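Next comes protein-v6.txt, a file with compact mmCIF, C-alpha atoms and all ligand atoms.
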```txt
# COMPACT_ATOMS: atom_id res chain seq x y z
CA MET A 29 -7.95 4.83 18.69
CA ARG A 30 -6.55 8.17 17.59
CA GLN A 31 -3.06 6.70 17.86
CA VAL A 32 -4.02 3.76 15.68
CA MET A 33 -5.56 6.06 13.05
CA LEU A 34 -2.47 8.21 12.99
CA ALA A 35 -0.21 5.21 12.60
CA ALA A 36 -2.39 3.85 9.80
CA LEU A 37 -2.31 7.21 8.02
CA ALA A 38 1.46 7.41 8.33
CA LEU A 39 1.84 3.93 6.90
CA ALA A 40 -0.51 4.66 4.02
CA LEU A 41 1.45 7.80 3.15
CA ALA A 42 4.78 6.04 3.39
CA GLY A 43 3.49 3.29 1.14
CA CYS A 44 2.38 5.78 -1.53
CA VAL A 45 5.78 7.26 -2.11
CA GLU A 46 8.14 4.45 -1.19
CA THR A 47 10.56 3.50 -3.92
CA SER A 48 12.93 0.58 -4.11
CA ALA A 49 16.31 1.25 -2.53
CA PRO A 50 18.95 2.50 -4.96
CA PRO A 51 21.98 0.26 -5.54
CA PRO A 52 24.93 1.08 -3.27
CA VAL A 53 27.09 3.86 -4.73
CA GLN A 54 30.78 3.21 -5.24
CA MET A 55 32.53 6.29 -3.96
CA ALA A 56 36.07 7.30 -4.94
CA PRO A 57 38.36 7.63 -1.90
CA LEU A 58 38.01 10.87 0.05
CA PRO A 59 40.92 13.24 0.75
CA GLU A 60 42.73 12.75 4.06
CA ALA A 61 41.38 14.92 6.88
CA GLY A 62 44.47 14.72 9.10
CA SER A 63 44.57 14.08 12.85
CA PRO A 64 42.45 15.72 15.53
CA VAL A 65 43.79 19.20 16.32
CA SER A 66 44.56 21.03 19.58
CA PRO A 67 42.11 23.67 20.89
CA GLY A 68 44.61 26.38 19.89
CA THR A 69 44.81 25.13 16.31
CA ALA A 70 41.03 24.70 16.13
CA ALA A 71 40.49 28.30 17.25
CA ALA A 72 43.11 29.64 14.82
CA ASN A 73 41.55 27.64 11.95
CA PHE A 74 38.13 29.08 12.75
CA VAL A 75 39.31 32.70 12.95
CA GLY A 76 41.20 32.35 9.66
CA VAL A 77 38.20 30.80 7.92
CA VAL A 78 35.84 33.56 9.14
CA ARG A 79 38.24 36.22 7.79
CA ARG A 80 38.50 34.64 4.37
CA MET A 81 34.98 33.34 3.94
CA GLU A 82 32.90 36.30 5.16
CA PRO A 83 33.77 38.71 2.30
CA VAL A 84 33.29 35.94 -0.31
CA ILE A 85 29.90 35.00 1.17
CA GLU A 86 28.69 38.60 1.21
CA GLN A 87 29.93 39.26 -2.33
CA GLU A 88 28.15 36.14 -3.65
CA CYS A 89 24.98 37.07 -1.76
CA LEU A 90 24.97 40.55 -3.35
CA ALA A 91 25.93 39.21 -6.80
CA ARG A 92 22.95 36.86 -6.80
CA ARG A 93 20.72 39.82 -6.01
CA ALA A 94 19.16 37.70 -3.29
CA ARG A 95 16.21 39.60 -1.85
CA THR A 96 17.73 39.32 1.52
CA ASN A 97 20.07 40.97 3.99
CA CYS A 98 23.67 40.11 2.94
CA ASP A 99 25.36 41.52 6.04
CA PHE A 100 26.32 38.18 7.57
CA ARG A 101 27.39 37.81 11.17
CA ILE A 102 29.36 34.69 12.05
CA VAL A 103 29.20 33.75 15.72
CA VAL A 104 30.23 31.01 18.12
CA ASP A 105 27.41 29.32 20.01
CA ASP A 106 29.17 28.77 23.35
CA ARG A 107 26.18 27.51 25.31
CA PRO A 108 27.36 24.51 27.33
CA GLY A 109 26.26 21.00 26.36
CA GLN A 110 25.69 21.71 22.66
CA PRO A 111 26.44 18.91 20.17
CA PRO A 112 28.79 19.53 17.21
CA ASN A 113 26.55 21.68 15.05
CA ALA A 114 26.37 24.68 12.75
CA TYR A 115 23.20 26.48 11.76
CA GLN A 116 21.92 29.67 10.22
CA THR A 117 19.23 31.94 11.55
CA LEU A 118 18.17 35.59 11.51
CA ASP A 119 18.45 38.08 14.36
CA SER A 120 15.50 40.26 15.34
CA ALA A 121 16.55 42.88 12.74
CA GLY A 122 16.65 40.27 9.95
CA ARG A 123 20.44 40.07 9.84
CA PRO A 124 21.69 36.59 8.84
CA ILE A 125 23.61 34.75 11.56
CA ILE A 126 25.80 31.71 11.00
CA ALA A 127 26.54 29.96 14.28
CA PHE A 128 29.08 27.25 15.08
CA THR A 129 29.04 25.35 18.35
CA LEU A 130 32.35 24.88 20.14
CA PRO A 131 32.27 21.05 19.71
CA LEU A 132 31.97 21.49 15.93
CA ILE A 133 34.97 23.83 15.84
CA ALA A 134 36.90 21.31 17.95
CA GLU A 135 35.78 18.36 15.80
CA ALA A 136 36.91 19.86 12.47
CA ARG A 137 40.40 18.64 11.59
CA ASN A 138 41.33 21.32 9.08
CA ALA A 139 40.30 24.74 7.77
CA ASP A 140 38.72 23.22 4.62
CA GLU A 141 36.10 21.48 6.76
CA LEU A 142 35.17 24.68 8.61
CA ALA A 143 35.07 26.63 5.33
CA PHE A 144 32.78 24.08 3.69
CA VAL A 145 30.36 24.03 6.62
CA MET A 146 30.36 27.86 6.68
CA GLY A 147 29.69 28.00 2.94
CA HIS A 148 26.90 25.43 3.29
CA GLU A 149 25.14 27.42 6.04
CA ALA A 150 25.55 30.71 4.17
CA ALA A 151 24.08 29.04 1.08
CA HIS A 152 20.88 28.14 2.99
CA HIS A 153 20.41 31.84 3.65
CA ILE A 154 21.41 33.10 0.18
CA ALA A 155 18.95 30.60 -1.39
CA SER A 156 16.18 31.65 1.08
CA HIS A 157 15.63 28.09 2.29
CA ILE A 158 13.93 29.02 5.57
CA PRO A 159 11.07 31.06 4.03
CA ARG A 160 10.76 28.62 1.13
CA GLN A 161 10.54 25.66 3.47
CA GLN A 162 7.91 27.38 5.62
CA GLN A 163 5.87 28.02 2.48
CA GLU A 164 6.15 24.40 1.36
CA ALA A 165 5.27 23.11 4.80
CA THR A 166 2.10 25.21 4.72
CA THR A 167 1.18 23.92 1.26
CA GLY A 168 1.73 20.31 2.36
CA ALA A 169 -0.50 20.82 5.40
CA LEU A 170 -3.24 22.45 3.32
CA ILE A 171 -3.30 19.70 0.71
CA LEU A 172 -3.43 16.93 3.27
CA GLY A 173 -6.12 18.78 5.25
CA VAL A 174 -8.28 19.18 2.15
CA LEU A 175 -7.75 15.53 1.23
CA THR A 176 -8.82 14.38 4.67
CA ALA A 177 -11.91 16.62 4.57
CA ALA A 178 -12.77 15.27 1.13
CA THR A 179 -12.58 11.70 2.38
CA GLY A 180 -14.91 12.48 5.32
CA GLY A 181 -12.47 12.67 8.23
CA ASP A 182 -13.83 14.20 11.44
CA GLU A 183 -12.36 17.43 12.81
CA THR A 184 -9.73 15.76 14.97
CA ALA A 185 -8.50 13.61 12.11
CA ILE A 186 -8.15 16.71 9.92
CA ARG A 187 -6.13 18.55 12.52
CA THR A 188 -3.83 15.57 13.04
CA ALA A 189 -3.42 15.25 9.30
CA GLN A 190 -2.57 18.94 8.98
CA ASN A 191 0.26 18.57 11.48
CA LEU A 192 1.53 15.47 9.73
CA GLY A 193 1.22 17.16 6.32
CA GLY A 194 3.34 20.05 7.55
CA THR A 195 6.03 17.64 8.64
CA ILE A 196 6.01 15.78 5.35
CA GLY A 197 6.05 19.00 3.31
CA ALA A 198 8.98 20.39 5.27
CA ARG A 199 11.11 17.28 5.42
CA ARG A 200 10.49 16.09 1.91
CA TYR A 201 12.14 19.20 0.55
CA ALA A 202 14.88 19.30 3.13
CA LYS A 203 17.08 16.83 1.24
CA ASP A 204 16.96 18.92 -1.94
CA TYR A 205 17.83 22.00 0.05
CA GLU A 206 20.80 20.25 1.65
CA LEU A 207 22.20 19.29 -1.75
CA GLU A 208 21.54 22.79 -3.10
CA ALA A 209 23.40 24.23 -0.10
CA ASP A 210 26.25 21.74 -0.69
CA ALA A 211 26.58 22.93 -4.30
CA LEU A 212 26.61 26.65 -3.46
CA GLY A 213 28.77 25.97 -0.39
CA THR A 214 31.30 24.29 -2.70
CA ILE A 215 31.45 27.44 -4.85
CA LEU A 216 31.86 29.71 -1.81
CA ALA A 217 34.64 27.63 -0.25
CA TRP A 218 36.42 27.31 -3.61
CA ASP A 219 36.23 31.05 -4.25
CA ALA A 220 37.76 31.70 -0.82
CA GLY A 221 40.69 29.42 -1.68
CA TYR A 222 39.69 26.26 0.22
CA ASP A 223 39.37 22.65 -0.94
CA PRO A 224 35.62 21.87 -0.82
CA GLU A 225 36.10 18.14 -1.43
CA ARG A 226 38.43 17.83 1.52
CA GLY A 227 35.97 19.97 3.50
CA ALA A 228 32.99 17.81 2.60
CA ALA A 229 34.87 14.70 3.72
CA PHE A 230 33.80 15.88 7.17
CA PHE A 231 30.48 14.14 6.51
CA ALA A 232 32.21 10.80 6.11
CA ARG A 233 33.14 10.95 9.79
CA ILE A 234 29.57 11.55 10.94
CA PRO A 235 26.90 8.80 10.79
CA ASP A 236 25.33 8.38 7.35
CA PRO A 237 21.57 9.11 7.56
CA GLY A 238 20.99 6.84 4.56
CA ASN A 239 18.02 7.44 2.31
CA ARG A 240 15.05 6.84 4.61
CA PHE A 241 11.62 8.28 4.01
CA LEU A 242 11.24 11.53 6.01
CA GLY A 243 14.98 11.68 6.68
CA THR A 244 16.01 15.33 6.63
CA HIS A 245 19.51 14.77 5.31
CA PRO A 246 20.58 13.12 2.09
CA PRO A 247 22.97 10.18 2.19
CA ASN A 248 26.63 11.17 2.48
CA ALA A 249 27.45 9.65 -0.92
CA ALA A 250 24.91 11.97 -2.58
CA ARG A 251 26.42 14.97 -0.84
CA ILE A 252 30.00 14.11 -1.81
CA ASP A 253 28.83 13.47 -5.37
CA THR A 254 27.18 16.92 -5.51
CA VAL A 255 30.40 18.54 -4.28
CA ARG A 256 32.50 16.69 -6.87
CA ARG A 257 30.17 17.55 -9.75
CA THR A 258 30.05 21.23 -8.71
CA LEU A 259 33.85 21.31 -8.41
CA ALA A 260 34.27 19.78 -11.86
CA SER A 261 32.12 22.59 -13.29
CA LEU A 262 34.39 25.21 -11.66
CA GLN A 263 37.73 23.80 -12.81
ZN ZN B 1 22.10 22.28 5.71
```

Mind turning this structure into structure tokens?
Amino acid sequence: MRQVMLAALALALAGCVETSAPPPVQMAPLPEAGSPVSPGTAAANFVGVVRRMEPVIEQECLARRARTNCDFRIVVDDRPGQPPNAYQTLDSAGRPIIAFTLPLIAEARNADELAFVMGHEAAHHIASHIPRQQQEATTGALILGVLTAATGGDETAIRTAQNLGGTIGARRYAKDYELEADALGTILAWDAGYDPERGAAFFARIPDPGNRFLGTHPPNAARIDTVRRTLASLQ
């Protein structure tokens, strides 16, 4: 019964915000990535990108007067069995960490790709996406909880709705944050002397998440478009 109610609620919410699918976007050809590289080349690319990107990232962080720690630490996540991934987090002292898994370093075919991903992750921190997203998730949960109470839901229904509201609040904003991070990541990679468009072509090799409701990532075409528009404003 609870399951059925939850499913019905999810459907009702999806129905409220669903829009018709946008027409397919014609995308100009992407720059060539090159062939897969040897482990030695992959490691050298990564070390070179860290050296050039780190000072640019810290300078931009300070220049934007972000109310945050700008002393970035870039690390390799060498835990076995990790998928190709990069992420940003904070250590216990609040220092920003950008982590790359070994499969991501191996998967990147050129330094531009690593630089773009590094710029993208740094941008999430500079733009304070983690605290902002937590705030928005809380607001989403509160609104949905109040709505459920107002429509006479029992206590269990309210709690379920609060969890669901948190998810919707967090994920709904995630796409905007990704595009914002792509735009600032473009600037960071460009300032460090890399080609952000060639770097962003990395996404064309990973599966396109499309534009589904509750998807956390924007479609690849939207990301490439953001990079191109940002680049045009820099040149
Ligand atoms: Zn991101």

If you count all atoms listed in the file, which residues fall within 8 Å of Ala134 of chain A, apart from same-chain ones fewer than 5 positions away, as an MDAnalysis selection string?
chainID A and resid 65:67 70:71

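With distances taken over only C-alpha atoms and all ligand atoms, A:Ala150 is the one residue among A:Ala150, A:Ala72, A:Ala169, A:Leu130 lying closest to ligand ZN 1 (chain B).
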
Contacts of Glu208 of chain A within 12 Å, all atoms listed in the file, excl. fewer than 5 positions in-chain, as an NGL selection string
:A and (147-157 or 201-203 or 213-215 or 245-246 or 250-251 or 254-255 or 258)

Quick one: which segment 198-232 of chain A residues come within 7 Å of segment 80-86 of chain A, and what is the nearest atom pair for each with the distance in Å to one decimal, counting only C-alpha atoms, rows ordered by chain and ascending number, as CSV?
```
residue,atom,partner,partner_atom,distance
A:Leu216,CA,A:Ile85,CA,6.4
A:Asp219,CA,A:Val84,CA,6.9
A:Ala220,CA,A:Met81,CA,5.8
```

Next, the residues of the selection above should be written as a PDB file, in the coordinates of the input with C-alpha atoms.
```pdb
ATOM      1  CA  LEU A 216      31.860  29.710  -1.810  1.00  0.00           C
ATOM      2  CA  ASP A 219      36.230  31.050  -4.250  1.00  0.00           C
ATOM      3  CA  ALA A 220      37.760  31.700  -0.820  1.00  0.00           C
TER       4      ALA A 220
END
```

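Straight-line separation from atom CA of Pro111 of chain A to atom CA of Leu132 of chain A: 7.4 Å.
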
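You will find atom CA of Ile133 of chain A at 10.3 Å from atom CA of Val75 of chain A.
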
May I ask which of the residues A:Ala178, A:Leu259, A:Gly194, A:Ile126 is the closest one to ligand ZN 1 (chain B), counting all atoms listed in the file?
A:Ile126

Quick one: what's the axis-aligned box for segment 169-176 of chain A, all listed atoms, 3 Å on every side, centre and edges in Å to one decimal, as lines of an AutoDock Vina configuration file?
```
center_x = -4.7
center_y = 18.4
center_z = 3.1
size_x = 14.3
size_y = 14.1
size_z = 10.7
```

Nearest residue to ligand ZN 1 (chain B) from the set A:Gln87, A:Ala136, A:Leu142, A:Ala114 (distances using all atoms listed in the file):
A:Ala114

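With distances restricted to only C-alpha atoms, A:Pro159 is the closest residue to Arg95 of chain A from A:Leu175, A:Pro159, A:Tyr205, A:Ser120.
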
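The spacing separating atom CA of Val145 of chain A from atom CA of Ala209 of chain A amounts to 9.7 Å.
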